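Peer 1: Supplied in structure tokens, the structure appears directly below.
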Amino acid sequence: MKYRFVCNHGGKPRKASSASSSSSSSSISPSKKRKRDPSKMIPKVDCPAKIDLYKYSDDSYEAVYYWYHHNHDPTNSESIIASRLPEEARKWIIERVDKNMDWEAIQNALCLTPALDKDSVRLWLNYLDDEGYDVLSNIDEHNNRFTIAWISKWQKPILQRQDIVCVGSTHKTCKSFIRSSDSCYLFTIVCKNFDTNKGCPVGFMITNSETTVSVASWFEWLKSVINFVPKSIMIDCSPGDVVQVLLCHWHIKRAWEKHIKKMIKVENSTHETKEQQRQARNSLNLLMNCDSIDLFEVLWDSFKSMWHDVNGYVEFYDYMYQYWYPKREKWCKAWRPKYCRKVFVIFVVKDIITSMSGAVNLTTGCFRNTDVRGL
């Protein structure tokens, strides 16, 4: 059996009505003609995007996703507003109208007040638990701190097979239901799915306290309940001592770039400044990507000679020596296990989520970066 889900913008572009069709409808009273706002009509641009779902005799499924959207941007906010409502949303609105609720009452029902946030979170966690999710709920109202985490049934076996994962933190995803002035942090675990050979989110945690206590309680739960014991964790620049922690090269290079532009400058010479900054990047790339510990020490001596002794950028060298040299085991490939050296796509979670648009739906991992309500 085959099911097909197509893009709203699929199909040939609409053509203007012919003279024959207009003449045939001329007998209809203007008051009875259907009036449609052209600005709210979904344009057909022959978009080929679709999802084909195949159901086989052994009750297994196969999904084929043709992801490329042609001639339109599916993340455009105006396009989303003009799109048709999902059937579930239409039924929900009809049920409210049948209860004699006007538009203002329906809008108020969609906006949670701080007093209702706690009940909403409790009901949502109960729903996830009923659906077979593994759920962590640590709420300490006395100290104004909470930690909530969840993993779905399909994410759990993928996570349990991982030796190395990436963990990213996104700030200000929502407001705290304990104290509305507090912002919350979304932590996401991303790993390589060996079935699809692509990156995959396999766990989420939300907290209003980005401290070692909150993160430690989350990982203790992952260890005891999920039976997840990784060998290495890739993070941005946060502390950790449970397993081998590897710092994300993307975040490291971003921090280095900031200090390169600040500390390496040649007075009255833009060209020479850019050239020396380029040489600094090359020197740091050699340190980051060298394959042996002995070679790293040789390159470090060369780095010191070039930037401290010859070029005279003492401040830049001191920054690298005092802050990054003691952490060299966490960012240089020479100290990384061989299984960590295989390159795969690392999702920068905060950039992905910030760029996403659409309705807030925590159960499916979609967040909107505007008009954030409480949690």
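Within each chain, counting starts at residue 1; across the structure tokens, chains are named A, B, ... in the order shown, with ligands numbered 1 upward in that order.
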Please list as a list of chain:residue names every residue within 8 Å of A:Arg145, counting only C-alpha atoms and excluding residues in the same chain fewer than 5 positions away.
Peer 2: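 Once the adjacent positions are removed, what remains is A:Ile139, A:Asp140, A:Ile178, A:Thr207, A:Asn208, A:Ser209.
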Peer 1: Take the residues that were just selected and, keeping N, CA, C and O atoms, output them as a PDB file, in the first residue's frame.
Peer 2:
```
ATOM      1  N   ILE A 139      11.794  18.947  39.562  1.00  0.00           N
ATOM      2  CA  ILE A 139      11.287  20.309  39.790  1.00  0.00           C
ATOM      3  C   ILE A 139      11.533  20.682  41.245  1.00  0.00           C
ATOM      4  O   ILE A 139      10.987  20.059  42.160  1.00  0.00           O
ATOM      5  N   ASP A 140      12.377  21.679  41.447  1.00  0.00           N
ATOM      6  CA  ASP A 140      12.730  22.154  42.785  1.00  0.00           C
ATOM      7  C   ASP A 140      12.278  23.609  42.904  1.00  0.00           C
ATOM      8  O   ASP A 140      13.043  24.538  42.630  1.00  0.00           O
ATOM      9  N   ILE A 178       8.355  28.308  36.756  1.00  0.00           N
ATOM     10  CA  ILE A 178       8.521  28.549  38.188  1.00  0.00           C
ATOM     11  C   ILE A 178       8.642  30.042  38.470  1.00  0.00           C
ATOM     12  O   ILE A 178       7.980  30.583  39.346  1.00  0.00           O
ATOM     13  N   THR A 207      16.045  23.294  30.921  1.00  0.00           N
ATOM     14  CA  THR A 207      16.276  23.694  32.301  1.00  0.00           C
ATOM     15  C   THR A 207      16.376  25.211  32.372  1.00  0.00           C
ATOM     16  O   THR A 207      16.713  25.862  31.379  1.00  0.00           O
ATOM     17  N   ASN A 208      16.090  25.755  33.528  1.00  0.00           N
ATOM     18  CA  ASN A 208      16.272  27.191  33.740  1.00  0.00           C
ATOM     19  C   ASN A 208      17.578  27.472  34.475  1.00  0.00           C
ATOM     20  O   ASN A 208      17.848  28.603  34.879  1.00  0.00           O
ATOM     21  N   SER A 209      18.402  26.430  34.644  1.00  0.00           N
ATOM     22  CA  SER A 209      19.668  26.575  35.361  1.00  0.00           C
ATOM     23  C   SER A 209      20.757  25.838  34.597  1.00  0.00           C
ATOM     24  O   SER A 209      20.883  24.611  34.702  1.00  0.00           O
TER      25      SER A 209
END
```
Peer 1: Counting only C-alpha atoms, what is within 9 Å of A:Asn126, bar same-chain residues fewer than 5 positions away, as a ChimeraX atom specification?
Peer 2: /A:121,131,135
Peer 1: Rounded to one decimal place, report the atom CA of A:Leu53-atom CA of A:Tyr3 distance in Å.
Peer 2: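 Pair atom CA of A:Leu53 / atom CA of A:Tyr3 returns 5.0 Å.
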Peer 1: Using only C-alpha atoms for the distances, tell me which of A:Asp195, A:Val45, A:Cys174, A:Ser60 is nearest to A:Met1.
Peer 2: A:Ser60
Peer 1: Excluding same-chain residues fewer than 5 positions from A:Gln279, what lies within 12 Å of it counting only C-alpha atoms, as a ChimeraX atom specification?
Peer 2: /A:260,264,272-274,284-286,303,306-307,311
Peer 1: With all heavy atoms retained, export the selected residues as an mmCIF file, in the first residue's frame.
Peer 2:
```
data_model
loop_
_atom_site.group_PDB
_atom_site.id
_atom_site.type_symbol
_atom_site.label_atom_id
_atom_site.label_comp_id
_atom_site.auth_asym_id
_atom_site.auth_seq_id
_atom_site.Cartn_x
_atom_site.Cartn_y
_atom_site.Cartn_z
ATOM 1 N N ILE A 260 42.032 36.739 17.289
ATOM 2 C CA ILE A 260 42.950 37.055 16.189
ATOM 3 C C ILE A 260 42.674 38.467 15.673
ATOM 4 O O ILE A 260 43.601 39.274 15.483
ATOM 5 C CB ILE A 260 42.812 36.015 15.057
ATOM 6 C CG1 ILE A 260 43.453 34.692 15.477
ATOM 7 C CG2 ILE A 260 43.463 36.523 13.776
ATOM 8 C CD1 ILE A 260 43.233 33.562 14.487
ATOM 9 N N ILE A 264 45.850 40.824 16.677
ATOM 10 C CA ILE A 264 46.852 40.848 15.608
ATOM 11 C C ILE A 264 46.498 41.963 14.625
ATOM 12 O O ILE A 264 45.594 41.818 13.794
ATOM 13 C CB ILE A 264 46.920 39.482 14.891
ATOM 14 C CG1 ILE A 264 47.333 38.401 15.883
ATOM 15 C CG2 ILE A 264 47.888 39.538 13.717
ATOM 16 C CD1 ILE A 264 47.449 37.030 15.298
ATOM 17 N N GLU A 272 48.613 44.168 5.343
ATOM 18 C CA GLU A 272 49.542 43.418 6.180
ATOM 19 C C GLU A 272 48.819 42.811 7.385
ATOM 20 O O GLU A 272 49.145 41.693 7.825
ATOM 21 C CB GLU A 272 50.677 44.333 6.651
ATOM 22 C CG GLU A 272 51.794 43.616 7.405
ATOM 23 C CD GLU A 272 52.526 42.601 6.536
ATOM 24 O OE1 GLU A 272 52.526 42.763 5.281
ATOM 25 O OE2 GLU A 272 53.099 41.650 7.114
ATOM 26 N N THR A 273 47.833 43.532 7.892
ATOM 27 C CA THR A 273 47.051 42.985 9.006
ATOM 28 C C THR A 273 46.341 41.702 8.596
ATOM 29 O O THR A 273 46.388 40.685 9.300
ATOM 30 C CB THR A 273 46.018 44.020 9.488
ATOM 31 O OG1 THR A 273 46.697 45.153 10.035
ATOM 32 C CG2 THR A 273 45.107 43.426 10.557
ATOM 33 N N LYS A 274 45.681 41.736 7.440
ATOM 34 C CA LYS A 274 44.965 40.553 6.959
ATOM 35 C C LYS A 274 45.926 39.391 6.690
ATOM 36 O O LYS A 274 45.595 38.232 6.952
ATOM 37 C CB LYS A 274 44.175 40.892 5.695
ATOM 38 C CG LYS A 274 42.989 41.819 5.941
ATOM 39 C CD LYS A 274 42.207 42.055 4.659
ATOM 40 C CE LYS A 274 40.980 42.929 4.920
ATOM 41 N NZ LYS A 274 40.203 43.165 3.671
ATOM 42 N N LEU A 284 47.331 27.945 13.836
ATOM 43 C CA LEU A 284 46.403 27.284 14.752
ATOM 44 C C LEU A 284 45.796 26.033 14.127
ATOM 45 O O LEU A 284 45.563 25.034 14.827
ATOM 46 C CB LEU A 284 45.300 28.260 15.166
ATOM 47 C CG LEU A 284 45.776 29.473 15.989
ATOM 48 C CD1 LEU A 284 44.622 30.407 16.284
ATOM 49 C CD2 LEU A 284 46.430 29.008 17.289
ATOM 50 N N ASN A 285 45.536 26.069 12.820
ATOM 51 C CA ASN A 285 45.011 24.877 12.138
ATOM 52 C C ASN A 285 46.015 23.732 12.170
ATOM 53 O O ASN A 285 45.633 22.565 12.320
ATOM 54 C CB ASN A 285 44.649 25.210 10.688
ATOM 55 C CG ASN A 285 43.343 25.977 10.580
ATOM 56 O OD1 ASN A 285 42.473 25.842 11.444
ATOM 57 N ND2 ASN A 285 43.203 26.778 9.541
ATOM 58 N N LEU A 286 47.298 24.049 12.033
ATOM 59 C CA LEU A 286 48.324 23.013 12.124
ATOM 60 C C LEU A 286 48.340 22.380 13.508
ATOM 61 O O LEU A 286 48.467 21.154 13.650
ATOM 62 C CB LEU A 286 49.702 23.606 11.797
ATOM 63 C CG LEU A 286 49.951 23.994 10.335
ATOM 64 C CD1 LEU A 286 51.297 24.712 10.195
ATOM 65 C CD2 LEU A 286 49.930 22.755 9.439
ATOM 66 N N PHE A 303 55.216 27.757 17.017
ATOM 67 C CA PHE A 303 54.182 28.776 17.208
ATOM 68 C C PHE A 303 54.664 29.859 18.171
ATOM 69 O O PHE A 303 54.495 31.056 17.925
ATOM 70 C CB PHE A 303 52.907 28.107 17.742
ATOM 71 C CG PHE A 303 51.798 29.053 18.063
ATOM 72 C CD1 PHE A 303 50.958 29.535 17.058
ATOM 73 C CD2 PHE A 303 51.578 29.464 19.369
ATOM 74 C CE1 PHE A 303 49.922 30.413 17.363
ATOM 75 C CE2 PHE A 303 50.541 30.336 19.677
ATOM 76 C CZ PHE A 303 49.718 30.811 18.666
ATOM 77 N N MET A 306 57.363 32.071 16.505
ATOM 78 C CA MET A 306 56.853 32.969 15.467
ATOM 79 C C MET A 306 56.058 34.124 16.047
ATOM 80 O O MET A 306 56.252 35.280 15.673
ATOM 81 C CB MET A 306 56.007 32.174 14.479
ATOM 82 C CG MET A 306 55.389 33.019 13.363
ATOM 83 S SD MET A 306 54.486 31.991 12.167
ATOM 84 C CE MET A 306 53.966 33.244 10.988
ATOM 85 N N TRP A 307 55.147 33.826 17.003
ATOM 86 C CA TRP A 307 54.205 34.850 17.443
ATOM 87 C C TRP A 307 54.623 35.565 18.726
ATOM 88 O O TRP A 307 54.175 36.674 18.978
ATOM 89 C CB TRP A 307 52.817 34.222 17.621
ATOM 90 C CG TRP A 307 52.297 33.722 16.325
ATOM 91 C CD1 TRP A 307 52.275 32.445 15.871
ATOM 92 C CD2 TRP A 307 51.783 34.521 15.247
ATOM 93 N NE1 TRP A 307 51.766 32.381 14.600
ATOM 94 C CE2 TRP A 307 51.454 33.655 14.193
ATOM 95 C CE3 TRP A 307 51.571 35.894 15.080
ATOM 96 C CZ2 TRP A 307 50.935 34.102 12.990
ATOM 97 C CZ3 TRP A 307 51.039 36.356 13.882
ATOM 98 C CH2 TRP A 307 50.730 35.460 12.862
ATOM 99 N N ASN A 311 57.331 37.970 15.810
ATOM 100 C CA ASN A 311 56.320 38.980 15.470
ATOM 101 C C ASN A 311 55.947 39.873 16.651
ATOM 102 O O ASN A 311 55.374 40.947 16.468
ATOM 103 C CB ASN A 311 55.073 38.314 14.923
ATOM 104 C CG ASN A 311 55.315 37.665 13.567
ATOM 105 O OD1 ASN A 311 56.262 38.034 12.869
ATOM 106 N ND2 ASN A 311 54.480 36.715 13.198
#
```
Peer 1: Write out as a list in words which residues come within 9 Å of A:Cys290 when counting only C-alpha atoms, dropping same-chain ones fewer than 6 positions away.
Peer 2: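 In the requested format, the answer is Phe296, Leu299, Cys332, Lys333 and Ala334 of chain A.
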